[in-house]
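These notes are about the structure you will find just below.
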Amino acid sequence: MRTRLLKAVWALLFLLTLVCASALEVKKDRIKLVLYENSGVFSIYYLEDPQQGKYIAFLPDKDPRTSFLSISIWNHIYHMGQSADFKERIEKTATGARFIWVSKRLEVIEDFIIQGDQVKIVLVLFNISAEDQSVGVRYLFDTYLGEKGGPHFITNNGIEINKETTINSPASLAYWVSPLERHKGSGKIGMRVLTSGDDVTPADKIVFANWKRLDQSLWNYRTEEMRDFNDLPYSVNDSAVCQYYNPKVLKSGAGRKIVIVIANSSEKDLYFPQIAETEKQTGQESAEQVPEVAEGYPRDYTEIKNNMNSLNRVIGDIDNKISSGSKITDMDINTIRQSITDVEKRINR
């Protein structure tokens, strides 16, 4: 819980700094965009209910600083909006707003272009020095919508992501979604980040992991396949995404352009009826179709999958209890123990 407490403290400090700082707010179509001066951070909202004027924040807005842009110059990391090496200003434009950062070596323009239900982030980096500069980009998004009821993330091919995952070929995906809801008949809100397409710059790597772990890593973060979005005992069920754009050498006077598109999701992104059919077909897979892991021990994929699902449900129940702060009773503990015992019995059998 310590990380959540720290986030709350940071949020309070951030709100206090806003008393002395200004924010640029732009409303267009169904998007509300807020850029905070002298911080380099922003908030994006989607108009869920036009009649009531109800907006949904795509990223946590109590302290927007948990999402941020990092620039690497010859492996030296600059946190935009926090580095004294860069002078910052914000501007309102005909299509939205922009940040402009200038240092002795680099000029960075982050242009937010509002188009319907999406925001196109156009990042342009200019080498304004007389020497070559190696420049890379890392964008950390502190997602939260999927933390309310799960799944944390969904990709366009219907895959749910609820554990640490690294995608090394993002161009093979169309998008990932941090969904607010995921059940048929509702759930038309979600933060969808396009990962390929004509107007999008494919990242070199996308990492899904615990926010605290990503925040504390200066640059490259290596995931572990079986690690979930907890960093116990303090950071529970707190997911985030990092998109990496590898360093490239810019000649003097040359520039580099990176485009990221954040859009509202749609019901078809959040509900995948084909998943149930796929799981049904997978469950019918015969033992002969699956390779043996060792002589005399054929892999029963269906049984392994069922056991893993049972254990994941137990872990999920524990996470929910911890994150909600509710009292854990003796009955809860006995139920958890019985669930684990049942799995052990199936494995021994």
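Each chain in the structure tokens gets a letter, A, B and so on, in the order shown; residues start at 1 in every chain, and ligands are counted from 1 in the order they appear.
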Quick one: pick out all helix (DSSP H, G or I) residues within range 50-186 of chain A from a backbone DSSP run and write them as an mmCIF file with C-alpha atoms, in the first residue's frame.
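Generated output (part-v3.cif):
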```cif
data_model
loop_
_atom_site.group_PDB
_atom_site.id
_atom_site.type_symbol
_atom_site.label_atom_id
_atom_site.label_comp_id
_atom_site.auth_asym_id
_atom_site.auth_seq_id
_atom_site.Cartn_x
_atom_site.Cartn_y
_atom_site.Cartn_z
ATOM 1 C CA PRO A 64 -0.645 13.274 -13.955
ATOM 2 C CA ARG A 65 3.108 13.174 -13.271
ATOM 3 C CA THR A 66 2.977 9.367 -13.043
ATOM 4 C CA LEU A 145 -8.895 1.800 -16.202
ATOM 5 C CA GLY A 146 -8.311 -1.952 -16.428
ATOM 6 C CA GLU A 147 -7.351 -2.140 -12.761
ATOM 7 C CA PRO A 170 4.764 -4.040 -31.858
ATOM 8 C CA ALA A 171 4.203 -3.506 -35.590
ATOM 9 C CA SER A 172 2.464 -6.902 -35.598
#
```
Write out as a Markdown table a residue-level contact list of range 31-125 of chain A versus range 213-219 of chain A with cut-off 10 Å: for each qualifying residue the closest pair of atoms and the distance in Å to one decimal, counting only C-alpha atoms, rows sorted by chain and residue number upward.
```
| residue | atom | partner | partner_atom | distance |
| --- | --- | --- | --- | --- |
| A:Thr66 | CA | A:Asp215 | CA | 7.9 |
| A:Ser67 | CA | A:Asp215 | CA | 8.9 |
| A:Phe68 | CA | A:Asp215 | CA | 9.4 |
| A:Ser70 | CA | A:Trp219 | CA | 8.4 |
| A:Ile71 | CA | A:Trp219 | CA | 9.5 |
| A:Ser72 | CA | A:Trp219 | CA | 8.5 |
| A:Asn75 | CA | A:Trp219 | CA | 9.0 |
| A:His76 | CA | A:Leu218 | CA | 9.6 |
| A:Ile77 | CA | A:Leu218 | CA | 7.2 |
| A:Tyr78 | CA | A:Leu218 | CA | 9.6 |
| A:His79 | CA | A:Leu218 | CA | 9.6 |
```
Write out as an MDAnalysis selection string the residues lying within 9 Å of Ser39 in chain A, counting only C-alpha atoms and excluding same-chain residues fewer than 2 positions away.
chainID A and resid 35:37 41:42 65 80:82 88
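Counting only C-alpha atoms, the residue from A:Ala263, A:Leu173, A:Ala209, A:Ala97 that sits nearest to Val236 in chain A is A:Ala209.
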Which of range 65-292 of chain A counts as strand (DSSP E) under DSSP, as JSON, numbers by chain please?
{"A": [68, 69, 70, 71, 72, 73, 76, 77, 78, 79, 87, 88, 89, 90, 91, 92, 96, 97, 98, 99, 100, 101, 102, 106, 107, 108, 109, 110, 111, 112, 113, 114, 115, 118, 119, 120, 121, 122, 123, 124, 125, 126, 127, 133, 134, 135, 136, 137, 138, 139, 140, 141, 153, 154, 155, 160, 161, 165, 166, 167, 175, 176, 177, 178, 179, 190, 191, 192, 193, 194, 205, 206, 207, 208, 209, 210, 239, 240, 241, 242, 243, 244, 245, 246, 247, 248, 249, 250, 255, 256, 257, 258, 259, 260, 261, 262, 263, 264]}
Restricting the output to C-alpha atoms, write the selected residues as a short mmCIF file (atom, residue, chain, number, x, y, z; two decimals), in the first residue's frame.
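The new file selection-v6.cif reads:
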```
data_model
loop_
_atom_site.label_atom_id
_atom_site.label_comp_id
_atom_site.auth_asym_id
_atom_site.auth_seq_id
_atom_site.Cartn_x
_atom_site.Cartn_y
_atom_site.Cartn_z
CA PHE A 68 5.86 11.06 -18.53
CA LEU A 69 8.21 11.34 -21.46
CA SER A 70 11.91 10.48 -21.19
CA ILE A 71 14.57 11.41 -23.73
CA SER A 72 17.93 9.65 -24.00
CA ILE A 73 20.89 11.66 -25.37
CA HIS A 76 21.95 10.28 -20.52
CA ILE A 77 18.28 10.27 -19.46
CA TYR A 78 16.21 13.46 -19.30
CA HIS A 79 12.76 13.47 -17.70
CA LYS A 87 13.48 25.30 -20.87
CA GLU A 88 9.77 24.67 -21.33
CA ARG A 89 6.83 26.57 -22.71
CA ILE A 90 3.29 25.59 -23.72
CA GLU A 91 1.20 26.91 -26.59
CA LYS A 92 -2.38 26.60 -27.72
CA GLY A 96 -4.98 21.41 -29.72
CA ALA A 97 -1.87 22.39 -27.78
CA ARG A 98 1.84 21.67 -27.55
CA PHE A 99 4.87 21.51 -25.29
CA ILE A 100 8.19 22.94 -26.47
CA TRP A 101 11.45 22.11 -24.70
CA VAL A 102 14.82 23.58 -25.71
CA LEU A 106 18.08 19.43 -28.61
CA GLU A 107 14.71 21.01 -29.32
CA VAL A 108 11.70 18.81 -28.50
CA ILE A 109 8.19 19.64 -29.69
CA GLU A 110 5.29 17.54 -28.39
CA ASP A 111 2.21 18.47 -30.41
CA PHE A 112 -1.25 17.24 -29.28
CA ILE A 113 -3.69 17.18 -32.21
CA ILE A 114 -7.33 16.48 -31.33
CA GLN A 115 -9.31 14.63 -34.00
CA GLN A 118 -8.62 10.60 -30.50
CA VAL A 119 -5.47 12.60 -29.78
CA LYS A 120 -2.48 12.35 -32.08
CA ILE A 121 0.78 13.05 -30.26
CA VAL A 122 3.41 14.21 -32.74
CA LEU A 123 6.84 14.25 -31.15
CA VAL A 124 9.57 16.01 -33.14
CA LEU A 125 13.19 16.10 -31.98
CA PHE A 126 15.70 18.47 -33.64
CA ASN A 127 19.46 18.34 -33.21
CA GLN A 133 23.48 13.36 -31.16
CA SER A 134 22.16 9.86 -30.37
CA VAL A 135 18.52 10.33 -29.35
CA GLY A 136 16.02 7.78 -28.00
CA VAL A 137 12.52 8.06 -26.55
CA ARG A 138 10.67 6.25 -23.78
CA TYR A 139 7.03 7.01 -22.95
CA LEU A 140 5.57 5.74 -19.67
CA PHE A 141 1.76 5.57 -19.46
CA PHE A 153 -5.06 -4.84 -21.11
CA ILE A 154 -6.52 -6.27 -24.32
CA THR A 155 -4.83 -6.35 -27.71
CA GLU A 160 -5.67 -10.39 -22.45
CA ILE A 161 -2.54 -9.17 -20.65
CA THR A 165 4.75 -8.87 -20.92
CA THR A 166 7.25 -7.60 -23.47
CA ILE A 167 6.25 -7.20 -27.12
CA TYR A 175 -3.40 -1.51 -30.77
CA TRP A 176 -3.59 -2.23 -27.06
CA VAL A 177 -6.48 -1.15 -24.82
CA SER A 178 -6.75 -0.27 -21.15
CA PRO A 179 -10.50 -0.98 -20.80
CA GLY A 190 -11.23 2.51 -22.92
CA MET A 191 -7.82 4.02 -23.61
CA ARG A 192 -6.72 2.60 -26.95
CA VAL A 193 -3.15 3.23 -28.09
CA LEU A 194 -2.52 2.49 -31.75
CA LYS A 205 9.42 -2.46 -27.85
CA ILE A 206 6.33 -2.27 -25.63
CA VAL A 207 6.51 -3.34 -21.99
CA PHE A 208 3.54 -4.07 -19.72
CA ALA A 209 4.56 -4.14 -16.05
CA ASN A 210 4.00 -2.79 -12.56
CA SER A 239 -0.14 -1.60 -14.07
CA ALA A 240 1.56 0.64 -16.61
CA VAL A 241 2.96 0.56 -20.14
CA CYS A 242 6.29 1.72 -21.55
CA GLN A 243 6.78 2.30 -25.26
CA TYR A 244 10.40 2.39 -26.39
CA TYR A 245 11.84 4.06 -29.48
CA ASN A 246 15.48 3.05 -29.75
CA PRO A 247 18.23 5.68 -29.98
CA LYS A 248 19.16 6.93 -33.45
CA VAL A 249 22.02 9.22 -34.41
CA LEU A 250 20.85 12.63 -35.61
CA GLY A 255 15.24 15.79 -36.90
CA ARG A 256 13.29 12.72 -35.83
CA LYS A 257 9.51 12.36 -35.78
CA ILE A 258 7.50 9.94 -33.62
CA VAL A 259 3.71 9.71 -33.76
CA ILE A 260 1.57 8.13 -31.02
CA VAL A 261 -2.24 7.97 -31.27
CA ILE A 262 -4.43 7.70 -28.17
CA ALA A 263 -8.09 7.09 -28.91
CA ASN A 264 -11.28 6.05 -27.20
#
```
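Once Asp238 in chain A and its same-chain neighbours fewer than 6 positions away are set aside, A:Tyr144, A:Glu147, A:Asn210, A:Trp211, A:Lys212, A:Phe229, A:Asn230 remain within 8 Å of it when counting only C-alpha atoms.
Comparing the minimum interatomic distances between Ser339 in chain A and each of A:Ala130, A:Ala84, A:Leu311, A:Ile318, counting only C-alpha atoms, we find that A:Leu311 sits nearest.
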Expressed in Å, the length from CA of Asp228 in chain A to CA of Thr329 in chain A is 24.6 Å
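Residue neighbourhood of Asp61 in chain A, excluding near-sequence residues (fewer than 6 positions): Ala11, Val34, Phe42, Ser43, Ile44, Tyr45 and Ser67 of chain A, at 10 Å, using only C-alpha atoms.
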Could you please take those selected residues and save C-alpha atoms as a compact mmCIF listing (two decimals), in the first residue's frame?
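Result written to out-v7.txt:
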```txt
# COMPACT_ATOMS: atom_id res chain seq x y z
CA ALA A 11 -1.06 14.13 -5.87
CA VAL A 34 -5.07 19.70 -20.19
CA PHE A 42 -0.90 16.29 -19.41
CA SER A 43 -4.35 14.80 -18.91
CA ILE A 44 -6.69 13.43 -21.58
CA TYR A 45 -10.41 13.04 -20.98
CA SER A 67 2.91 9.36 -16.86
```
